[in-house]
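Participant: As input, take coords_16.txt (compact mmCIF, C-alpha atoms):
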```
# COMPACT_ATOMS: atom_id res chain seq x y z
CA MET A 192 2.94 9.37 -1.32
CA GLY A 193 4.96 11.39 1.13
CA LYS A 194 5.76 10.62 4.69
CA TYR A 195 3.03 12.95 5.90
CA ALA A 196 0.33 11.58 3.58
CA PRO A 197 -1.70 10.20 6.52
CA LEU A 198 -1.98 13.76 7.82
CA THR A 199 -3.03 14.98 4.37
CA ARG A 200 -5.77 12.34 4.30
CA PHE A 201 -6.83 13.14 7.83
CA LEU A 202 -7.14 16.86 7.18
CA ARG A 203 -8.97 16.40 3.89
CA GLN A 204 -11.60 14.36 5.63
CA GLN A 205 -12.34 16.81 8.42
CA GLN A 206 -15.70 18.56 8.34
CA PRO A 207 -14.81 21.64 10.41
CA SER A 208 -12.48 24.25 9.01
CA ARG A 209 -10.35 24.48 12.10
CA ILE A 210 -8.87 21.72 14.21
CA THR A 211 -6.46 21.55 17.12
CA LEU A 212 -4.39 18.44 17.58
CA ARG A 213 -2.09 17.53 20.40
CA PHE A 214 1.30 16.42 19.17
CA ALA A 215 0.58 12.93 20.50
CA GLU A 216 -2.60 12.81 18.44
CA LEU A 217 -0.70 13.94 15.39
CA GLU A 218 1.83 11.17 15.98
CA GLU A 219 -1.02 8.71 16.23
CA ILE A 220 -2.35 9.84 12.88
CA LEU A 221 1.08 9.71 11.29
CA GLY A 222 2.14 6.45 12.82
CA PHE A 223 5.55 7.76 13.79
CA SER A 224 7.07 10.18 16.25
CA LEU A 225 7.46 13.81 15.31
CA PRO A 226 11.08 14.91 14.90
CA GLU A 227 12.81 16.84 17.63
CA SER A 228 12.58 19.99 15.50
CA ALA A 229 8.82 19.92 15.81
CA PHE A 230 9.15 20.21 19.56
CA LYS A 231 11.90 22.86 19.50
CA TYR A 232 11.42 25.19 16.57
CA PRO A 233 8.24 27.10 15.71
CA SER A 234 9.60 27.41 12.18
CA TRP A 235 9.10 23.67 11.67
CA TRP A 236 5.40 24.49 11.60
CA ASN A 237 5.67 27.00 8.76
CA ASN A 238 3.35 27.14 5.77
CA SER A 239 5.70 28.27 3.04
CA ALA A 240 8.58 25.80 2.75
CA LEU A 241 6.82 23.39 0.43
CA LYS A 242 9.97 21.35 -0.02
CA GLN A 243 9.62 20.27 3.59
CA SER A 244 7.55 17.10 3.69
CA GLN A 245 5.51 18.10 6.71
CA VAL A 246 4.54 21.43 5.14
CA LYS A 247 3.56 19.63 1.97
CA GLY A 248 1.47 17.32 4.16
CA TRP A 249 -0.87 20.02 5.38
CA ARG A 250 -0.69 22.31 2.35
CA ASP A 251 -1.61 19.46 -0.03
CA ALA A 252 -4.77 19.00 2.00
CA GLY A 253 -5.62 22.67 1.62
CA TRP A 254 -4.84 23.42 5.24
CA GLU A 255 -2.36 25.68 7.01
CA VAL A 256 -0.95 25.92 10.49
CA ARG A 257 -2.61 28.77 12.33
CA GLU A 258 -0.85 28.33 15.64
CA ALA A 259 1.80 25.97 16.97
CA ASP A 260 1.96 25.85 20.74
CA LEU A 261 5.27 24.14 21.46
CA ARG A 262 4.98 24.55 25.20
CA GLY A 263 1.47 23.09 25.23
CA ARG A 264 2.44 20.58 22.55
CA LYS A 265 -0.50 21.24 20.29
CA VAL A 266 -1.07 22.72 16.87
CA THR A 267 -4.08 24.37 15.27
CA PHE A 268 -4.74 23.87 11.56
CA VAL A 269 -7.24 25.83 9.47
CA ARG A 270 -8.65 24.96 6.08
CA VAL A 271 -7.76 27.53 3.44
CA SER A 272 -9.08 25.73 0.37
CA GLY A 273 -11.03 22.68 -0.73
CA GLU A 274 -13.98 20.83 0.73
CA PRO A 275 -14.16 17.88 3.13
CA VAL A 276 -13.96 14.46 1.51
CA ALA A 277 -15.78 11.41 2.86
CA ALA A 278 -13.54 9.12 4.88
CA ALA A 279 -13.13 5.45 4.08
CA GLY A 280 -12.99 4.83 7.81
CA SER A 281 -16.43 6.33 8.39
CA GLY A 282 -15.61 8.02 11.61
CA GLN A 283 -14.27 4.98 13.37
CA LYS A 284 -10.63 5.87 13.65
CA GLN A 285 -10.53 9.31 15.19
CA PRO A 286 -7.60 9.65 17.57
CA ALA A 287 -8.84 9.50 21.12
CA GLY A 288 -9.66 12.87 22.60
CA VAL A 289 -9.04 15.04 19.56
CA ALA A 290 -9.95 18.61 20.40
CA ALA A 291 -12.36 20.32 18.03
CA GLY A 292 -11.65 23.85 16.91
CA ALA A 293 -14.00 26.73 16.21
CA GLY A 294 -15.95 24.64 13.81
CA GLY A 295 -16.05 22.01 16.56
CA GLY A 296 -17.99 18.89 17.26
CA PHE A 297 -16.52 17.01 14.34
CA ALA A 298 -15.72 13.95 16.38
CA SER A 299 -19.38 13.19 16.71
CA ARG A 300 -20.25 13.85 13.07
CA ALA A 301 -20.87 10.88 10.84
CA GLY A 302 -18.24 10.46 8.19
CA ALA A 303 -15.79 12.83 9.76
CA GLY A 304 -13.28 10.20 10.79
CA ALA A 305 -9.69 9.83 9.83
CA VAL A 306 -8.17 6.76 8.33
CA ARG A 307 -4.57 5.80 8.59
CA GLU A 308 -2.13 2.96 8.56
CA SER A 309 -1.72 0.64 11.48
CA VAL A 310 0.52 2.34 13.98
CA ALA A 311 1.64 -0.88 15.57
CA ASP A 312 2.76 -2.49 12.35
CA ARG A 313 4.95 0.45 11.59
CA GLY A 314 6.82 0.20 14.85
CA ALA A 315 5.61 3.42 16.40
CA ARG A 316 6.13 3.86 20.10
CA PRO A 317 3.41 2.25 22.19
CA ALA A 318 2.09 5.54 23.55
CA ALA A 319 1.09 6.54 20.06
CA GLY A 320 -0.59 3.24 19.30
CA ARG A 321 -4.03 3.84 20.73
CA LEU A 322 -7.16 4.23 18.72
CA ALA A 323 -10.46 5.67 19.73
CA GLY A 324 -12.49 3.68 22.21
CA GLY A 325 -9.43 2.35 23.98
CA ARG A 326 -8.80 -0.10 21.18
CA SER A 327 -5.15 -0.62 20.48
CA ALA A 328 -3.87 -0.38 16.93
CA SER A 329 -2.44 -3.85 17.12
CA ALA A 330 -5.75 -5.21 18.34
CA SER A 331 -7.59 -3.47 15.54
CA GLY A 332 -5.96 -5.84 13.11
CA GLN A 333 -5.81 -5.68 9.37
CA GLY A 334 -9.24 -4.12 9.00
CA SER A 335 -8.23 -0.64 9.96
CA ALA A 336 -5.03 -0.87 7.96
CA LEU A 337 -6.98 -1.92 4.88
CA ALA A 338 -9.39 0.95 5.18
CA ALA A 339 -6.53 3.33 5.84
CA ALA A 340 -4.81 2.24 2.67
CA VAL A 341 -7.60 3.68 0.57
CA ASP A 342 -7.53 7.40 -0.02
CA MET A 343 -11.13 8.06 -0.98
CA ALA A 344 -10.23 11.53 -2.13
CA ARG A 345 -8.11 10.10 -4.92
CA LEU A 346 -10.65 7.60 -6.17
CA PRO A 347 -12.63 8.54 -9.27
CA ALA A 348 -16.13 9.75 -8.43
CA ALA A 349 -17.67 6.78 -10.23
CA VAL A 350 -15.74 4.36 -8.02
CA ARG A 351 -16.78 6.23 -4.90
CA ARG A 352 -20.40 6.05 -6.01
CA VAL A 353 -20.16 2.30 -6.60
CA LEU A 354 -18.67 1.86 -3.15
CA GLU A 355 -21.41 3.97 -1.61
CA VAL A 356 -24.12 2.00 -3.41
CA ARG A 357 -22.61 -1.32 -2.35
CA ALA A 358 -22.19 -0.09 1.20
CA ALA A 359 -25.83 0.97 1.35
CA ARG A 360 -26.92 -2.35 -0.13
CA HIS A 361 -25.02 -4.27 2.54
CA GLY A 362 -25.94 -1.92 5.37
CA ARG A 363 -22.31 -0.97 5.94
CA ALA A 364 -20.33 2.20 6.18
CA VAL A 365 -18.24 2.92 3.09
CA GLY A 366 -15.06 2.09 4.98
CA GLU A 367 -16.50 -1.25 6.01
CA GLU A 368 -17.43 -1.97 2.40
CA VAL A 369 -13.89 -1.17 1.24
CA GLU A 370 -12.53 -3.43 3.94
CA ALA A 371 -14.91 -6.26 3.03
CA LEU A 372 -13.99 -6.05 -0.64
CA LEU A 373 -10.27 -6.05 0.03
CA ARG A 374 -10.62 -8.93 2.46
CA ALA A 375 -12.51 -10.94 -0.15
CA VAL A 376 -9.77 -10.32 -2.70
CA MET A 377 -7.10 -11.33 -0.21
CA ALA A 378 -8.95 -14.48 0.78
CA GLU A 379 -9.35 -15.43 -2.87
CA GLU A 380 -5.66 -14.91 -3.57
CA ARG A 381 -4.57 -16.85 -0.52
CA ALA A 382 -6.91 -19.71 -1.30
CA ALA A 383 -5.34 -19.89 -4.75
CA LEU A 384 -1.87 -19.97 -3.19
CA LEU A 385 -2.87 -22.78 -0.84
CA THR A 386 -4.26 -24.73 -3.78
CA GLU A 387 -0.94 -24.35 -5.59
CA LEU A 388 0.94 -25.48 -2.47
CA ALA A 389 -1.30 -28.53 -2.23
CA LYS A 390 -0.40 -29.41 -5.82
CA VAL A 391 3.30 -29.13 -5.00
CA ARG A 392 2.76 -31.30 -1.93
CA THR A 393 1.13 -34.08 -3.91
CA ARG A 394 4.26 -34.32 -6.06
CA THR A 395 6.44 -35.31 -3.06
CA GLN A 396 8.56 -38.35 -3.89
CA ARG A 397 8.61 -41.20 -1.32
CA PRO A 398 6.87 -39.09 1.34
CA GLY A 399 7.31 -41.56 4.16
CA ALA A 400 11.04 -41.85 3.66
CA PHE A 401 12.25 -38.70 5.41
CA ASP A 402 11.77 -36.94 8.73
CA MET A 403 10.99 -33.31 8.09
CA LEU A 404 12.18 -32.13 11.51
CA GLU A 405 15.47 -33.89 10.96
CA VAL A 406 15.82 -32.28 7.56
CA LEU A 407 15.34 -28.90 9.26
CA GLY A 408 17.91 -29.68 11.96
CA ARG A 409 15.24 -29.57 14.63
CA LYS A 410 16.20 -32.99 15.98
CA MET B 76 -2.55 -12.97 15.06
CA LEU B 77 -0.76 -16.21 14.44
CA VAL B 78 2.96 -16.70 13.96
CA VAL B 79 4.01 -19.78 12.03
CA ASP B 80 7.53 -21.14 11.93
CA GLY B 81 9.44 -22.89 9.15
CA THR B 82 8.16 -26.33 10.13
CA VAL B 83 4.55 -25.34 9.39
CA LEU B 84 5.55 -23.83 6.06
CA LEU B 85 7.57 -26.83 4.99
CA ALA B 86 4.81 -29.20 6.07
CA CYS B 87 2.53 -27.35 3.65
CA VAL B 88 5.02 -27.86 0.86
CA VAL B 89 5.92 -31.54 1.16
CA GLU B 90 3.83 -34.51 2.17
CA THR B 91 4.47 -35.38 5.82
CA PRO B 92 2.29 -36.79 8.60
CA PHE B 93 1.73 -33.15 9.68
CA SER B 94 0.81 -31.75 6.30
CA SER B 95 -2.97 -32.07 6.47
CA ALA B 96 -3.15 -30.33 9.82
CA ALA B 97 -0.66 -27.64 8.79
CA ALA B 98 -2.55 -26.88 5.59
CA ALA B 99 -5.85 -26.81 7.47
CA LEU B 100 -4.33 -24.36 9.93
CA LEU B 101 -3.30 -21.99 7.17
CA GLU B 102 -6.71 -22.28 5.55
CA GLU B 103 -8.31 -21.32 8.83
CA VAL B 104 -6.30 -18.14 9.14
CA VAL B 105 -6.85 -17.17 5.53
CA GLY B 106 -9.98 -15.22 6.35
CA ASP B 107 -8.42 -13.84 9.46
CA ALA B 108 -5.71 -12.03 7.50
CA ALA B 109 -3.38 -12.07 10.47
CA LEU B 110 -0.63 -14.49 9.61
CA LEU B 111 2.78 -13.38 10.80
CA VAL B 112 5.81 -15.08 9.32
CA PRO B 113 9.37 -14.38 10.43
CA GLN B 114 11.73 -14.00 7.48
CA ALA B 115 13.82 -16.74 9.06
CA ALA B 116 10.89 -19.15 8.73
CA LEU B 117 10.85 -18.63 4.98
CA VAL B 118 14.59 -19.15 4.80
CA GLU B 119 14.34 -22.26 6.94
CA ALA B 120 11.50 -23.74 4.88
CA LEU B 121 13.33 -23.00 1.65
CA GLU B 122 16.54 -24.55 2.96
CA GLY B 123 14.55 -27.60 4.03
CA ALA B 124 13.07 -27.82 0.55
CA ARG B 125 16.53 -27.53 -0.98
CA ARG B 126 17.73 -30.47 1.09
CA LEU B 127 14.69 -32.46 0.04
CA VAL B 128 15.54 -31.73 -3.57
CA GLN B 129 19.04 -33.07 -2.92
CA LEU B 130 17.57 -36.17 -1.33
CA GLY B 131 15.29 -36.69 -4.30
CA HIS B 132 12.00 -36.05 -2.49
CA MET B 133 11.14 -32.86 -4.27
CA ALA B 134 11.48 -31.61 -7.82
CA ALA B 135 13.82 -28.67 -8.34
CA GLU B 136 11.16 -26.75 -10.28
CA ASP B 137 8.74 -27.13 -7.38
CA MET B 138 11.30 -25.75 -4.98
CA ALA B 139 12.02 -22.86 -7.31
CA GLN B 140 8.44 -21.62 -7.17
CA LEU B 141 8.18 -21.74 -3.38
CA PRO B 142 9.20 -18.12 -2.70
CA LYS B 143 6.38 -16.77 -4.82
CA LEU B 144 3.90 -19.15 -3.20
CA LEU B 145 4.97 -18.72 0.41
CA MET B 146 5.75 -15.03 0.66
CA PRO B 147 2.28 -13.72 -0.21
CA LEU B 148 0.71 -15.98 2.41
CA ALA B 149 2.08 -13.79 5.16
CA GLU B 150 0.10 -10.77 6.14
CA VAL B 151 3.18 -9.55 7.96
CA LEU B 152 6.62 -10.71 6.93
CA ALA B 153 8.56 -9.83 10.04
CA ALA B 154 12.16 -8.68 9.85
CA ASP B 155 14.53 -10.81 11.90
CA ALA B 156 17.10 -8.21 12.91
CA PRO B 157 14.99 -6.44 15.57
CA LEU B 158 14.30 -9.83 17.17
CA LEU B 159 17.81 -11.24 17.18
CA GLU B 160 18.72 -10.17 20.69
CA GLU B 161 15.60 -11.74 22.22
CA ALA B 162 15.97 -14.78 19.98
CA ALA B 163 19.57 -15.34 21.05
CA GLN B 164 18.55 -15.28 24.69
CA LEU B 165 15.64 -17.64 24.11
CA ALA B 166 17.83 -19.96 22.07
CA LEU B 167 20.46 -20.15 24.80
CA MET B 168 17.98 -20.43 27.63
CA HIS B 169 15.89 -23.17 26.04
CA ALA B 170 18.32 -24.85 23.64
CA LEU B 171 16.41 -23.84 20.54
CA VAL B 172 17.73 -23.38 17.04
CA ILE B 173 17.76 -19.74 16.03
CA PRO B 174 14.88 -19.92 13.51
CA ALA B 175 12.69 -21.49 16.20
CA ALA B 176 13.76 -18.87 18.72
CA LEU B 177 13.00 -16.08 16.23
CA ALA B 178 9.46 -17.36 15.74
CA LEU B 179 9.00 -17.53 19.50
CA ALA B 180 10.43 -14.04 19.98
CA LEU B 181 8.09 -12.68 17.32
CA ALA B 182 5.04 -14.26 18.94
CA GLN B 183 6.16 -12.94 22.31
CA ARG B 184 6.67 -9.42 21.08
CA ARG B 185 3.44 -9.24 19.08
CA GLY B 186 1.28 -10.94 21.69
CA ALA B 187 0.45 -13.50 19.01
CA ARG B 188 -0.15 -17.24 19.03
CA LEU B 189 2.56 -19.50 17.73
CA ALA B 190 2.01 -22.54 15.54
CA THR B 191 4.68 -25.17 14.99
CA VAL B 192 5.12 -28.79 14.07
CA ASP B 193 8.14 -28.94 16.38
CA ALA B 194 6.95 -30.44 19.67
CA ARG B 195 10.10 -29.27 21.42
CA LEU B 196 9.47 -25.64 20.40
CA ALA B 197 5.81 -25.99 21.38
CA GLU B 198 6.85 -27.17 24.81
CA VAL B 199 9.13 -24.18 25.34
CA ALA B 200 6.52 -21.83 23.88
CA ARG B 201 3.95 -23.02 26.40
CA GLN B 202 6.32 -21.94 29.17
CA VAL B 203 7.12 -18.60 27.57
CA LEU B 204 3.77 -17.62 26.04
CA GLY B 205 1.29 -19.72 27.97
CA ALA B 206 -0.40 -22.86 26.72
CA GLU B 207 -3.37 -20.98 25.28
CA ARG B 208 -1.12 -19.21 22.78
CA VAL B 209 0.54 -22.31 21.37
CA VAL B 210 -0.70 -24.47 18.52
CA CYS B 211 1.27 -27.68 18.19
CA VAL B 212 0.44 -29.18 14.82
CA LYS B 213 -0.11 -32.90 15.28
CA ALA B 214 0.44 -35.74 12.89
CA GLY B 215 -2.80 -36.66 11.17
```
Go through the file and emit its structure as structure tokens.
Facilitator:
Amino acid sequence: MGKYAPLTRFLRQQQPSRITLRFAELEEILGFSLPESAFKYPSWWNNSALKQSQVKGWRDAGWEVREADLRGRKVTFVRVSGEPVAAAGSGQKQPAGVAAGAGGGFASRAGAGAVRESVADRGARPAAGRLAGGRSASASGQGSALAAAVDMARLPAAVRRVLEVRAARHGRAVGEEVEALLRAVMAEERAALLTELAKVRTRTQRPGAFDMLEVLGRK
Amino acid sequence: MLVVDGTVLLACVVETPFSSAAAALLEEVVGDAALLVPQAALVEALEGARRLVQLGHMAAEDMAQLPKLLMPLAEVLAADAPLLEEAAQLALMHALVIPAALALALAQRRGARLATVDARLAEVARQVLGAERVVCVKAG
């Protein structure tokens, strides 16, 4: 996956065929700051240089840049091919204040949300670390990162259907179901690790005969 | 989010008066999926285990499998380098060993709680982070 894969996922999941993003919102989606070139050179926002990772990011989603407003620090993308794909995040992780384009109103549409990796964990600058609803990325915890890790568009249709059925059965959004499943797997794995550690611990020889803090040089 | 230092990790690996409480702590955060471990804590725990092998308290084969048991426990394995400057200052200011200071610096930077078996570190952490963000693992 390329550096701009979060943008690819975001665009694929949009319902409208036109969207305007402020640069700050784009950075929030990406989880890192845009390069200086993006702020200085209109050519950075081209649609033809597919060897450039950012261009690949929007072209892979079937979108193109219609207008880059460097002075206003915003960019308008339009869909040129493909259809919207359901988001694992189920509309919960839209960047705050994203401006809808001509096909507007997407922010309020069910299932139109973006998913992405935790901004905070990737060391992005704090200004880019806010999620919708005033919730900070760091406060959102692993849940959002787990959902963001799943690109629903790349899952086989059968898997998506199973997730949808399970989600409906549990009264959850698909993204919540993905998160719950991954959490369960993680909990199971960690429990197994703790069991193994307990076994190691029971094999300690003469346990009362040493001071652990002294061994660690903490005394 | 909870940061654990090397003392908590080592207490989970060898039988000490703190082991039950340390293991219970890690079990509690299992579902939470928010365990932060500084790389230095792993190094410190592993070095402690190596010394215990030398002293005849631990089998070499048990020590050898610790990396693969401890590393996956961390939801975030935090790099030490970005924290070294803060850690150096904390270490000098509060007379902490560097691994302890790194754990404190990580908790401070992430706004996380800090868990330790080391009462001295816990005492300093209460001053730096506030008492509500410090878990001092007690002997059971």
Participant: Dump as number ranges by chain the residues of chain B that approach chain A to within 8 Å, counting all atoms listed in the file.
Facilitator: B: 82, 85-91, 98, 102, 105-106, 108-109, 119-120, 122-123, 126-127, 131-134, 137, 144-145, 147-148, 172, 193
Participant: Those selected residues, please, written with C-alpha atoms and delivered as a tab-separated table (two decimals), in the coordinates of the input.
Facilitator:
```tsv
chain	number	residue	atom	x	y	z
B	82	THR	CA	8.16	-26.33	10.13
B	85	LEU	CA	7.57	-26.83	4.99
B	86	ALA	CA	4.81	-29.20	6.07
B	87	CYS	CA	2.53	-27.35	3.65
B	88	VAL	CA	5.02	-27.86	0.86
B	89	VAL	CA	5.92	-31.54	1.16
B	90	GLU	CA	3.83	-34.51	2.17
B	91	THR	CA	4.47	-35.38	5.82
B	98	ALA	CA	-2.55	-26.88	5.59
B	102	GLU	CA	-6.71	-22.28	5.55
B	105	VAL	CA	-6.85	-17.17	5.53
B	106	GLY	CA	-9.98	-15.22	6.35
B	108	ALA	CA	-5.71	-12.03	7.50
B	109	ALA	CA	-3.38	-12.07	10.47
B	119	GLU	CA	14.34	-22.26	6.94
B	120	ALA	CA	11.50	-23.74	4.88
B	122	GLU	CA	16.54	-24.55	2.96
B	123	GLY	CA	14.55	-27.60	4.03
B	126	ARG	CA	17.73	-30.47	1.09
B	127	LEU	CA	14.69	-32.46	0.04
B	131	GLY	CA	15.29	-36.69	-4.30
B	132	HIS	CA	12.00	-36.05	-2.49
B	133	MET	CA	11.14	-32.86	-4.27
B	134	ALA	CA	11.48	-31.61	-7.82
B	137	ASP	CA	8.74	-27.13	-7.38
B	144	LEU	CA	3.90	-19.15	-3.20
B	145	LEU	CA	4.97	-18.72	0.41
B	147	PRO	CA	2.28	-13.72	-0.21
B	148	LEU	CA	0.71	-15.98	2.41
B	172	VAL	CA	17.73	-23.38	17.04
B	193	ASP	CA	8.14	-28.94	16.38
```
Participant: CA of Phe93 in chain B and CA of Ala197 in chain B are how many Å apart?
Facilitator: 14.3 Å
Participant: Applying 7 Å and all atoms listed in the file, which residues near Ala176 in chain B remain after dropping the ones on its own chain fewer than 4 positions away? List them as a JSON list (two decimals) with C-alpha atoms, in the frame of the given file.
Facilitator:
```
[["chain", "number", "residue", "atom", "x", "y", "z"],
["B", 162, "ALA", "CA", 15.97, -14.78, 19.98],
["B", 165, "LEU", "CA", 15.64, -17.64, 24.11],
["B", 166, "ALA", "CA", 17.83, -19.96, 22.07],
["B", 171, "LEU", "CA", 16.41, -23.84, 20.54],
["B", 172, "VAL", "CA", 17.73, -23.38, 17.04],
["B", 180, "ALA", "CA", 10.43, -14.04, 19.98]]
```
Participant: Write out as a PyMOL selection string each polymer residue whose atoms come within 10 Å of Ile173 in chain B, counting all atoms listed in the file; drop sequence neighbours fewer than 4 positions from it.
Facilitator: chain B and resi 115+159+162-167+177-179
Participant: Could you work out how far CA of Arg345 in chain A lies from CA of Trp236 in chain A, giving the answer in Å with one decimal?
Facilitator: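 We find that CA of Trp236 in chain A and CA of Arg345 in chain A lie 25.7 Å from each other.
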Participant: Excluding Val118 in chain B and its own-chain neighbours fewer than 6 positions away, which residues fall within 12 Å of it when counting all atoms listed in the file? Please give them as a ChimeraX atom specification.
Facilitator: /A:407 /B:80-82,84-85,112,124-125,141-142,145-146,152,154-155,173-175,177
Participant: Would you mind listing what lies within 7 Å of Met76 in chain B as a ChimeraX atom specification, with only C-alpha atoms counted and same-chain residues fewer than 6 positions away left out?
Facilitator: /B:109-111,187-188
Participant: What does the distance from CA of Val128 in chain B to CA of Val78 in chain B come to in Å, to one decimal?
Facilitator: 26.3 Å
